[in-house]
$ cat protein_19.cif   # mmCIF, C-alpha atoms
data_model
loop_
_atom_site.label_atom_id
_atom_site.label_comp_id
_atom_site.auth_asym_id
_atom_site.auth_seq_id
_atom_site.Cartn_x
_atom_site.Cartn_y
_atom_site.Cartn_z
CA MET A 1 114.44 99.38 104.27
CA LYS A 2 112.08 96.78 102.85
CA SER A 3 109.03 98.83 103.82
CA LEU A 4 110.58 101.97 102.34
CA ARG A 5 110.71 100.20 98.99
CA LEU A 6 107.04 99.24 99.09
CA LEU A 7 106.00 101.98 96.72
CA ALA A 8 108.60 100.98 94.20
CA LEU A 9 107.47 97.36 94.33
CA VAL A 10 103.76 97.96 93.89
CA ILE A 11 102.86 98.34 90.23
CA LEU A 12 99.44 99.69 89.42
CA ALA A 13 98.55 98.72 85.89
CA ALA A 14 95.93 101.41 85.47
CA ALA A 15 95.50 104.63 83.63
CA SER A 16 95.10 107.73 85.78
CA ILE A 17 91.73 108.03 87.46
CA ALA A 18 90.46 111.58 87.65
CA GLU A 19 89.49 112.59 91.18
CA ALA A 20 87.90 115.83 92.31
CA CYS A 21 87.91 115.69 96.10
CA THR A 22 87.12 118.45 98.58
CA VAL A 23 89.10 118.14 101.81
CA ALA A 24 90.07 119.94 105.01
CA VAL A 25 92.36 119.70 108.03
CA VAL A 26 91.00 121.25 111.22
CA SER A 27 93.15 121.81 114.31
CA GLY A 28 91.65 121.00 117.68
CA LYS A 29 92.15 124.63 118.70
CA CYS A 30 89.18 125.69 116.57
CA THR A 31 86.69 122.88 117.26
CA PRO A 32 84.14 123.09 120.10
CA ASP A 33 85.54 120.05 121.93
CA GLY A 34 89.25 120.53 121.18
CA ARG A 35 89.49 117.43 118.97
CA PRO A 36 91.07 117.78 115.50
CA LEU A 37 89.17 116.84 112.36
CA LEU A 38 90.12 115.47 108.96
CA TRP A 39 87.58 115.63 106.12
CA LYS A 40 87.59 114.02 102.72
CA HIS A 41 84.66 114.31 100.33
CA ARG A 42 85.77 111.76 97.76
CA ASP A 43 85.07 111.97 94.04
CA THR A 44 86.30 109.15 91.84
CA ASP A 45 85.47 106.91 88.91
CA GLU A 46 85.33 103.92 91.29
CA LEU A 47 81.97 104.29 93.03
CA GLN A 48 82.02 101.00 94.94
CA ASN A 49 83.64 102.01 98.23
CA ALA A 50 83.77 100.23 101.59
CA LEU A 51 85.53 100.33 104.95
CA GLN A 52 88.21 97.76 105.74
CA PHE A 53 90.24 96.86 108.82
CA PHE A 54 93.98 96.31 108.39
CA LYS A 55 96.89 95.13 110.54
CA GLY A 56 99.81 97.27 109.45
CA GLU A 57 103.52 97.07 110.08
CA ARG A 58 103.18 98.75 113.48
CA TYR A 59 99.55 99.79 113.88
CA SER A 60 96.09 98.52 113.05
CA PHE A 61 93.89 100.86 111.05
CA ILE A 62 90.56 101.34 109.31
CA GLY A 63 90.51 102.77 105.81
CA LEU A 64 88.17 103.64 102.99
CA VAL A 65 88.92 101.42 99.99
CA ASP A 66 87.78 100.67 96.46
CA THR A 67 86.19 97.23 96.31
CA ARG A 68 86.53 97.01 92.53
CA GLY A 69 88.77 98.47 89.87
CA PRO A 70 92.53 98.94 89.55
CA MET A 71 93.16 100.86 92.80
CA ARG A 72 92.02 98.21 95.31
CA ASP A 73 95.43 98.16 97.03
CA GLY A 74 95.09 101.78 98.11
CA VAL A 75 93.52 103.43 101.15
CA TRP A 76 91.88 106.80 100.49
CA ILE A 77 91.31 108.03 104.04
CA GLY A 78 91.94 106.23 107.31
CA ALA A 79 92.95 106.30 110.96
CA ASN A 80 95.14 103.97 112.99
CA SER A 81 95.42 102.73 116.58
CA ALA A 82 98.05 105.39 117.39
CA GLY A 83 95.58 108.17 116.59
CA PHE A 84 97.26 109.08 113.31
CA ALA A 85 94.93 109.78 110.37
CA ILE A 86 95.55 110.67 106.73
CA MET A 87 93.69 111.50 103.53
CA ASN A 88 94.44 113.22 100.23
CA SER A 89 93.15 115.21 97.33
CA ASN A 90 94.78 114.97 93.94
CA SER A 91 96.61 118.12 92.89
CA TYR A 92 96.87 119.15 89.28
CA ASN A 93 99.32 122.03 89.50
CA LEU A 94 102.45 120.72 91.26
CA VAL A 95 104.00 118.82 88.35
CA GLY A 96 104.65 120.49 85.01
CA GLN A 97 105.59 118.30 82.08
CA ASP A 98 105.52 114.93 83.82
CA THR A 99 108.23 112.58 82.59
CA VAL A 100 107.98 110.19 85.55
CA SER A 101 106.41 106.85 84.65
CA VAL A 102 105.49 105.98 88.26
CA LYS A 103 102.07 107.49 88.98
CA ASP A 104 98.82 107.19 90.96
CA ARG A 105 100.37 105.82 94.16
CA GLU A 106 98.67 108.14 96.62
CA GLY A 107 96.54 105.31 98.03
CA ILE A 108 99.54 103.03 98.46
CA LEU A 109 101.49 105.76 100.26
CA MET A 110 98.58 106.38 102.64
CA ARG A 111 98.22 102.67 103.37
CA LEU A 112 101.93 102.49 104.18
CA ALA A 113 101.75 105.59 106.40
CA LEU A 114 98.75 104.27 108.37
CA GLY A 115 100.61 101.06 109.15
CA ARG A 116 103.78 102.71 110.42
CA CYS A 117 103.24 106.38 111.44
CA ALA A 118 102.00 107.66 114.79
CA THR A 119 102.49 111.39 114.32
CA VAL A 120 102.53 114.16 111.73
CA ASP A 121 106.30 114.42 112.22
CA GLU A 122 106.76 110.71 111.49
CA PHE A 123 104.82 111.10 108.26
CA GLU A 124 107.08 114.01 107.29
CA ALA A 125 110.09 111.79 108.00
CA LEU A 126 108.59 109.01 105.87
CA LEU A 127 108.23 111.42 102.95
CA ARG A 128 111.93 112.29 103.28
CA GLU A 129 113.16 108.72 103.61
CA ILE A 130 111.10 106.84 101.05
CA GLU A 131 112.58 106.13 97.66
CA LYS A 132 111.90 108.63 94.90
CA PRO A 133 110.06 109.24 92.66
CA LEU A 134 107.02 108.84 94.89
CA GLY A 135 104.54 108.59 92.04
CA VAL A 136 102.19 111.15 93.62
CA GLU A 137 100.88 114.66 93.00
CA ALA A 138 98.62 115.43 95.92
CA ASN A 139 97.71 117.33 99.04
CA PHE A 140 97.97 114.95 102.01
CA GLY A 141 96.08 115.98 105.15
CA VAL A 142 97.16 114.46 108.47
CA ILE A 143 96.27 114.69 112.16
CA ASP A 144 97.60 112.87 115.21
CA ALA A 145 96.81 112.24 118.88
CA ARG A 146 99.28 114.91 120.06
CA GLY A 147 97.47 117.83 118.48
CA GLY A 148 99.27 117.72 115.13
CA ALA A 149 97.31 118.88 112.10
CA ALA A 150 98.84 119.71 108.72
CA PHE A 151 98.73 119.45 104.96
CA PHE A 152 101.68 118.26 102.89
CA GLU A 153 101.73 119.35 99.25
CA VAL A 154 103.70 116.55 97.62
CA ASP A 155 104.99 115.73 94.16
CA HIS A 156 107.37 113.02 93.00
CA PHE A 157 110.40 114.51 94.76
CA ARG A 158 109.35 117.33 97.11
CA ALA A 159 106.99 117.94 100.03
CA THR A 160 105.94 121.25 101.57
CA ARG A 161 104.33 121.27 105.03
CA LEU A 162 101.42 123.63 105.77
CA ASP A 163 100.77 123.49 109.51
CA ALA A 164 97.18 124.15 110.63
CA ASN A 165 98.52 125.11 114.09
CA ASP A 166 100.71 127.87 112.63
CA PRO A 167 98.73 131.16 112.71
CA LYS A 168 100.88 132.54 109.91
CA ILE A 169 99.67 129.76 107.61
CA ALA A 170 96.22 129.01 109.06
CA PRO A 171 95.07 132.01 111.13
CA PHE A 172 91.80 130.31 112.06
CA GLY A 173 93.24 126.84 112.64
CA TYR A 174 91.95 125.06 109.55
CA ILE A 175 93.00 124.60 105.92
CA VAL A 176 90.68 123.74 103.03
CA HIS A 177 91.93 122.16 99.81
CA THR A 178 90.47 120.88 96.57
CA ASN A 179 92.50 119.94 93.48
CA PHE A 180 95.25 122.49 93.41
CA SER A 181 98.16 123.21 95.74
CA PHE A 182 98.99 126.59 97.20
CA THR A 183 102.68 126.04 96.38
CA GLY A 184 101.95 124.98 92.78
CA ASP A 185 101.41 126.85 89.54
CA PRO A 186 98.60 129.37 90.26
CA ASP A 187 97.38 129.22 86.65
CA ARG A 188 96.71 125.48 86.77
CA GLY A 189 94.81 123.02 88.92
CA SER A 190 91.08 122.51 89.35
CA GLY A 191 88.35 122.67 91.98
CA HIS A 192 88.52 126.43 92.51
CA ILE A 193 84.73 126.82 92.63
CA ARG A 194 84.38 124.02 95.19
CA PHE A 195 87.24 125.56 97.15
CA ALA A 196 85.38 128.88 97.33
CA THR A 197 82.17 127.15 98.43
CA ALA A 198 83.87 125.13 101.16
CA THR A 199 85.92 128.10 102.35
CA GLU A 200 82.78 130.17 102.84
CA LEU A 201 81.03 127.33 104.69
CA PHE A 202 83.99 126.79 107.01
CA ALA A 203 84.32 130.51 107.72
CA ARG A 204 80.70 130.70 108.84
CA ALA A 205 81.03 127.60 111.01
CA TYR A 206 84.21 128.92 112.60
CA GLU A 207 82.53 132.19 113.52
CA THR A 208 79.68 130.35 115.25
CA GLY A 209 81.78 127.64 116.91
CA ALA A 210 80.19 124.93 114.77
CA LEU A 211 83.12 123.10 113.18
CA THR A 212 81.89 119.60 114.02
CA PRO A 213 81.63 116.29 112.14
CA LYS A 214 77.87 116.75 111.85
CA PHE A 215 78.24 120.21 110.31
CA ILE A 216 80.84 119.08 107.81
CA LEU A 217 78.95 115.97 106.70
CA GLN A 218 75.47 117.46 106.58
CA GLU A 219 76.14 121.06 105.55
CA CYS A 220 79.32 120.78 103.46
CA SER A 221 79.18 117.34 101.85
CA ARG A 222 75.57 117.96 100.83
CA CYS A 223 75.83 121.66 100.06
CA LEU A 224 73.55 122.57 97.14
CA THR A 225 74.89 126.12 96.75
CA HIS A 226 77.21 127.12 93.91
CA SER A 227 79.77 129.78 94.85
CA LEU A 228 80.30 131.08 91.31
CA THR A 229 76.73 131.34 90.01
CA GLY A 230 75.05 131.91 93.38
CA THR A 231 72.61 129.12 92.58
CA ASP A 232 70.86 127.64 95.61
CA LEU A 233 69.17 124.40 94.60
CA HIS A 234 67.22 124.30 97.85
CA ALA A 235 65.18 127.18 96.48
CA LEU A 236 64.44 125.39 93.21
CA GLY A 237 62.98 122.08 94.37
CA GLY A 238 59.66 120.94 92.90
CA GLU A 239 56.50 120.21 94.81
CA THR A 240 56.90 116.42 95.15
CA ALA A 241 59.43 113.69 94.48
CA GLU A 242 57.28 112.52 91.57
CA GLY A 243 57.94 115.71 89.63
CA THR A 244 60.76 116.21 87.15
CA THR A 245 62.94 119.28 87.29
CA PHE A 246 66.40 118.80 85.83
CA VAL A 247 69.08 121.22 86.98
CA PRO A 248 72.71 121.59 85.84
CA PHE A 249 74.79 119.82 88.47
CA GLU A 250 78.45 120.63 88.08
CA ASP A 251 81.08 122.11 90.42
CA PHE A 252 78.98 121.68 93.54
CA ILE A 253 80.79 119.95 96.43
CA PRO A 254 78.61 116.84 95.96
CA ARG A 255 78.92 115.53 92.41
CA HIS A 256 77.74 112.59 90.37
CA SER A 257 81.20 111.12 91.03
CA SER A 258 81.00 111.47 94.84
CA SER A 259 81.63 108.01 96.29
CA ALA A 260 81.99 108.78 100.01
CA SER A 261 82.50 111.51 102.56
CA VAL A 262 84.41 110.86 105.77
CA VAL A 263 85.25 112.98 108.78
CA ILE A 264 87.87 111.56 111.13
CA GLN A 265 87.54 113.01 114.61
CA GLY A 266 90.80 112.73 116.49
CA VAL A 267 91.37 112.81 120.24
CA ARG A 268 92.67 115.31 122.73
CA PRO A 269 96.21 114.60 124.04
CA ASP A 270 94.78 113.28 127.34
CA GLU A 271 92.53 110.68 125.62
CA PRO A 272 93.32 107.17 124.34
CA PRO A 273 94.60 107.51 120.75
CA ASP A 274 92.57 104.59 119.44
CA HIS A 275 89.32 106.30 120.46
CA THR A 276 89.61 108.18 117.18
CA THR A 277 86.23 108.08 115.40
CA LEU A 278 85.61 107.68 111.68
CA TRP A 279 82.28 109.30 110.81
CA ALA A 280 81.94 107.69 107.38
CA ILE A 281 79.32 108.17 104.69
CA VAL A 282 79.98 105.22 102.37
CA GLY A 283 78.32 105.80 99.01
CA SER A 284 76.97 109.00 97.52
CA PRO A 285 76.42 111.56 100.31
CA LEU A 286 73.14 112.48 98.61
CA THR A 287 71.75 108.96 99.10
CA SER A 288 73.70 107.41 101.99
CA VAL A 289 74.00 108.10 105.74
CA VAL A 290 76.83 108.28 108.25
CA THR A 291 78.16 105.05 109.77
CA PRO A 292 80.55 105.79 112.69
CA VAL A 293 83.31 103.26 113.48
CA TRP A 294 86.27 103.06 115.87
CA VAL A 295 89.72 101.54 115.39
CA ALA A 296 89.77 100.41 119.02
CA ALA A 297 86.72 98.22 118.40
CA GLY A 298 88.79 95.84 116.28
CA SER A 299 88.25 94.09 112.99
CA GLU A 300 84.51 93.37 113.27
CA LEU A 301 83.03 96.37 111.46
CA PRO A 302 79.32 96.85 110.72
CA ARG A 303 78.36 94.47 107.89
CA SER A 304 76.67 97.43 106.13
CA VAL A 305 80.00 99.07 105.32
CA VAL A 306 82.25 96.12 104.47
CA ALA A 307 82.45 94.40 101.09
CA GLY A 308 80.47 91.20 100.76
CA SER A 309 80.87 88.30 98.36
CA ASP A 310 79.78 90.61 95.52
CA SER A 311 82.69 92.99 96.27
CA ALA A 312 80.26 95.67 97.41
CA ALA A 313 79.22 97.15 100.75
CA PRO A 314 75.42 96.90 101.29
CA ILE A 315 75.03 100.57 102.20
CA CYS A 316 76.98 101.58 99.08
CA ASN A 317 74.77 99.38 96.90
CA LYS A 318 71.63 100.95 98.33
CA ALA A 319 73.05 104.43 97.84
CA LEU A 320 73.88 103.71 94.19
CA VAL A 321 70.35 102.46 93.50
CA LEU A 322 68.89 105.65 94.96
CA LYS A 323 71.38 107.76 93.02
CA GLU A 324 69.93 106.39 89.79
CA ARG A 325 66.68 108.12 90.73
CA LEU A 326 68.51 111.43 91.09
CA PHE A 327 70.39 110.98 87.79
CA PRO A 328 68.00 109.04 85.52
CA LEU A 329 69.38 110.33 82.19
CA LYS A 330 71.38 107.54 80.53
CA ARG A 331 73.12 109.47 77.78
CA SER A 332 76.74 110.54 78.10
CA TYR A 333 75.79 113.93 79.53
CA GLY A 334 73.39 112.48 82.11
CA GLU A 335 75.75 112.85 85.07
CA ARG A 336 75.72 116.64 84.60
CA TYR A 337 71.96 116.97 85.22
CA MET A 338 70.16 116.03 88.42
CA ASN A 339 66.42 115.55 88.83
CA LEU A 340 66.23 117.89 91.82
CA PRO A 341 62.81 116.91 93.29
CA ALA A 342 64.08 113.35 93.76
CA ALA A 343 66.67 114.75 96.17
CA PHE A 344 64.85 117.75 97.64
CA ASN A 345 61.31 119.11 97.27
CA ARG A 346 58.74 121.26 99.04
CA GLU A 347 56.74 118.25 100.18
CA GLY A 348 59.74 116.95 102.11
CA SER A 349 59.78 113.60 100.31
CA GLY A 350 63.16 113.84 98.57
CA THR A 351 65.87 111.31 99.29
CA LEU A 352 67.94 113.79 101.30
CA GLN A 353 64.94 114.82 103.36
CA ARG A 354 63.76 111.29 104.09
CA LEU A 355 67.21 110.12 105.14
CA LYS A 356 68.02 113.03 107.46
CA PRO A 357 65.98 111.79 110.46
CA VAL A 358 67.65 108.40 110.10
CA GLU A 359 71.10 109.97 110.07
CA ASP A 360 70.26 112.27 112.97
CA ALA A 361 69.27 109.23 115.03
CA ILE A 362 72.56 107.50 114.15
CA LEU A 363 74.59 110.58 115.08
CA GLU A 364 72.76 110.88 118.40
CA GLU A 365 73.16 107.20 119.27
CA ALA A 366 76.86 107.23 118.41
CA SER A 367 77.45 110.44 120.37
CA GLN A 368 75.76 109.02 123.46
CA ARG A 369 77.89 105.89 123.30
CA MET A 370 81.07 107.95 122.91
CA ASP A 371 80.05 110.00 125.95
CA ARG A 372 79.75 106.75 127.94
CA ILE A 373 83.10 105.53 126.62
CA ARG A 374 84.81 108.77 127.60
CA GLN A 375 83.34 108.32 131.08
CA GLY A 376 84.90 104.86 131.39
CA ALA A 377 82.63 102.40 129.57
CA ASN A 378 84.30 99.62 127.58
CA LEU A 379 84.70 100.77 123.98
CA GLU A 380 84.66 97.33 122.37
CA ARG A 381 81.44 96.37 124.13
CA GLU A 382 79.75 99.68 123.33
CA ALA A 383 80.90 99.53 119.71
CA ARG A 384 79.67 95.98 119.18
CA ALA A 385 76.24 96.88 120.51
CA PHE A 386 76.18 100.03 118.38
CA TYR A 387 77.24 98.21 115.21
CA GLU A 388 74.42 95.67 115.68
CA TRP A 389 71.92 98.48 116.23
CA LEU A 390 73.30 100.36 113.23
CA ASP A 391 72.96 97.42 110.83
CA GLU A 392 69.42 96.71 112.01
CA THR A 393 68.48 100.37 111.67
CA LEU A 394 69.87 100.68 108.15
CA ASP A 395 68.18 97.48 106.98
CA ARG A 396 64.83 98.55 108.44
CA GLU A 397 64.86 102.19 107.34
CA TYR A 398 66.05 101.70 103.75
CA GLN A 399 63.40 99.02 103.35
CA ARG A 400 60.70 101.18 104.94
CA LEU A 401 61.57 104.34 103.07
CA PHE A 402 62.64 103.03 99.68
CA GLY A 403 61.91 99.32 99.48
CA LEU A 404 65.63 98.47 99.42
#

$ encode --input "protein_19.cif" --output "structure tokens"
Amino acid sequence: MKSLRLLALVILAAASIAEACTVAVVSGKCTPDGRPLLWKHRDTDELQNALQFFKGERYSFIGLVDTRGPMRDGVWIGANSAGFAIMNSNSYNLVGQDTVSVKDREGILMRLALGRCATVDEFEALLREIEKPLGVEANFGVIDARGGAAFFEVDHFRATRLDANDPKIAPFGYIVHTNFSFTGDPDRGSGHIRFATATELFARAYETGALTPKFILQECSRCLTHSLTGTDLHALGGETAEGTTFVPFEDFIPRHSSSASVVIQGVRPDEPPDHTTLWAIVGSPLTSVVTPVWVAAGSELPRSVVAGSDSAAPICNKALVLKERLFPLKRSYGERYMNLPAAFNREGSGTLQRLKPVEDAILEEASQRMDRIRQGANLEREARAFYEWLDETLDREYQRLFGL
């Protein structure tokens, strides 16, 4: 009972933080390797993000956290040693006139769930049992090691389950969400343009059998196409990175407020649950690269992704410095205009273009190590060697490419 009162005991003395995340739950039945996926492209006012290892009530877990600001007690996407993973997007159409004083506890609820839930069904039971009001208005996406994959649209008192394995709800085996709920008021909410963009991207990937972590992180989190206007920023890049071409940058999946993008790749039912992989881009997806980690490897995460004495992860700091080059305008409207050639140009010297070979090498190295692990190699040993290689690679390449 004590744990069920955790939400009621945690008081967050902060005003609401506007978030504009793009997320998806993908059943293993529609991925090439049969492993489920959970995606969160996070947008928030708190741009200093990091990964952190926790020992929960029942299970250990790794989660994405704020390292500064009022929401440091929350976890915003994570996976535990039982193979259970969870993330959320804020919903802005489930609650009408909100008279509940308890708010903004999505991160606390997810931290609690990661410490005690092993399955989608257990999370559903937790939502029933926990004291109300919950202090949330969100779409929670969850997967587990038994093939479970679902969204829960949750307000202070109610939760509706949308099962990605139910063909009546998700005929293709995946569900995309942004900042509205399907069971909420259809005339409210936000993120409809991003929802249309992501839905089109996922439909194409499904048709070609390409729903993979690499596709989601590289093609969705960094998509420079706008579904409403038809704008394709790839076609507008200048000649070199030294040029200046400002473009309106609003309602794309990546935004000025994007602080991370994470795909959690679950396991098949015949695989060890703690082999779940977090493919995490910590920092702006336009200026950072993926850093894969595993719960089974224990608490020693790559130093690049954990908060140091300055309450910042090194890779996030580097990404924020590079983001200043993409958004150099300092006035209040500056975040709505990106200097496109700094990110992408015909010469191939934009930040996105220079970082892609680095990320491709990381993805390949991590995939090879996971292949060895699935063939019987020791995960902790492989992960330790990979983390050391990863940190060295990031230090060398950011220095070589950008002097950071």

$ residues_around --input "protein_19.cif" --residues "Glu300 (chain A)" --least-positions-apart "5" --cutoff "10 Å" --atoms "only C-alpha atoms" --output "list in words"
Gln52, Phe53, Val293, Val295, Val306, Glu380, Ala383, Arg384 and Tyr387 of chain A

$ write_last_selection --input "protein_19.cif" --atoms "C-alpha atoms" --output "short mmCIF file (atom, residue, chain, number, x, y, z; two decimals), in the coordinates of the input"
data_model
loop_
_atom_site.label_atom_id
_atom_site.label_comp_id
_atom_site.auth_asym_id
_atom_site.auth_seq_id
_atom_site.Cartn_x
_atom_site.Cartn_y
_atom_site.Cartn_z
CA GLN A 52 88.21 97.76 105.74
CA PHE A 53 90.24 96.86 108.82
CA VAL A 293 83.31 103.26 113.48
CA VAL A 295 89.72 101.54 115.39
CA VAL A 306 82.25 96.12 104.47
CA GLU A 380 84.66 97.33 122.37
CA ALA A 383 80.90 99.53 119.71
CA ARG A 384 79.67 95.98 119.18
CA TYR A 387 77.24 98.21 115.21
#

$ closest_residue --input "protein_19.cif" --among "A:Ala343, A:Ala196, A:Val267, A:Leu134" --to "Glu106 (chain A)" --atoms "all atoms listed in the file"
A:Leu134

$ residues_around --input "protein_19.cif" --residues "Ala20 (chain A)" --least-positions-apart "4" --cutoff "7 Å" --atoms "only C-alpha atoms" --output "PyMOL selection string"
chain A and resi 43-44+179+191

$ write_last_selection --input "protein_19.cif" --atoms "C-alpha atoms" --output "compact mmCIF listing (two decimals), keeping the file's coordinate frame"
# COMPACT_ATOMS: atom_id res chain seq x y z
CA ASP A 43 85.07 111.97 94.04
CA THR A 44 86.30 109.15 91.84
CA ASN A 179 92.50 119.94 93.48
CA GLY A 191 88.35 122.67 91.98

$ residues_around --input "protein_19.cif" --residues "region 201-205 of chain A" --least-positions-apart "3" --cutoff "12 Å" --atoms "only C-alpha atoms" --output "number ranges by chain"
A: 23-26, 30-32, 39, 171-177, 194-198, 208-227, 253

$ residues_near_point --input "protein_19.cif" --point "(70.4, 108.0, 88.0)" --cutoff "10 Å" --atoms "only C-alpha atoms" --output "PyMOL selection string"
chain A and resi 256+320-330+334-335+337-339

$ resolve_selection --input "protein_19.cif" --expression "the PyMOL selection byres ((chain A and resi 74-76) around 7)" --output "PyMOL selection string"
chain A and resi 63-65+71-73+77-78+87-88+107-108+110-111

$ resolve_selection --input "protein_19.cif" --expression "the PyMOL selection byres ((chain A and resi 115-127) around 6)" --output "list in words"
Gly56, Glu57, Arg58, Tyr59, Ala82, Phe84, Leu112, Ala113, Leu114, Arg128, Glu129, Ile130, Asp144 and Gly148 of chain A

$ write_last_selection --input "protein_19.cif" --atoms "C-alpha atoms" --output "PDB file, in the frame of the given file"
ATOM      1  CA  GLY A  56      99.810  97.270 109.450  1.00  0.00           C
ATOM      2  CA  GLU A  57     103.520  97.070 110.080  1.00  0.00           C
ATOM      3  CA  ARG A  58     103.180  98.750 113.480  1.00  0.00           C
ATOM      4  CA  TYR A  59      99.550  99.790 113.880  1.00  0.00           C
ATOM      5  CA  ALA A  82      98.050 105.390 117.390  1.00  0.00           C
ATOM      6  CA  PHE A  84      97.260 109.080 113.310  1.00  0.00           C
ATOM      7  CA  LEU A 112     101.930 102.490 104.180  1.00  0.00           C
ATOM      8  CA  ALA A 113     101.750 105.590 106.400  1.00  0.00           C
ATOM      9  CA  LEU A 114      98.750 104.270 108.370  1.00  0.00           C
ATOM     10  CA  ARG A 128     111.930 112.290 103.280  1.00  0.00           C
ATOM     11  CA  GLU A 129     113.160 108.720 103.610  1.00  0.00           C
ATOM     12  CA  ILE A 130     111.100 106.840 101.050  1.00  0.00           C
ATOM     13  CA  ASP A 144      97.600 112.870 115.210  1.00  0.00           C
ATOM     14  CA  GLY A 148      99.270 117.720 115.130  1.00  0.00           C
TER      15      GLY A 148
END

$ closest_residue --input "protein_19.cif" --among "A:Asp187, A:Pro36, A:Phe344, A:Arg42" --to "Ser257 (chain A)" --atoms "all atoms listed in the file"
A:Arg42

$ atom_distance --input "protein_19.cif" --atom1 "CA of Leu51 (chain A)" --atom2 "CA of Ala361 (chain A)"
21.1 Å

$ residues_around --input "protein_19.cif" --residues "Ser288 (chain A)" --least-positions-apart "3" --cutoff "8 Å" --atoms "only C-alpha atoms" --output "list of chain:residue names"
A:Ile281, A:Val282, A:Gly283, A:Ser284, A:Pro285, A:Ile315, A:Cys316, A:Lys318, A:Ala319, A:Leu355

$ atom_distance --input "protein_19.cif" --atom1 "CA of Gln48 (chain A)" --atom2 "CA of Ile193 (chain A)"
26.1 Å

$ atom_distance --input "protein_19.cif" --atom1 "CA of Asp185 (chain A)" --atom2 "CA of Asn93 (chain A)"
5.3 Å
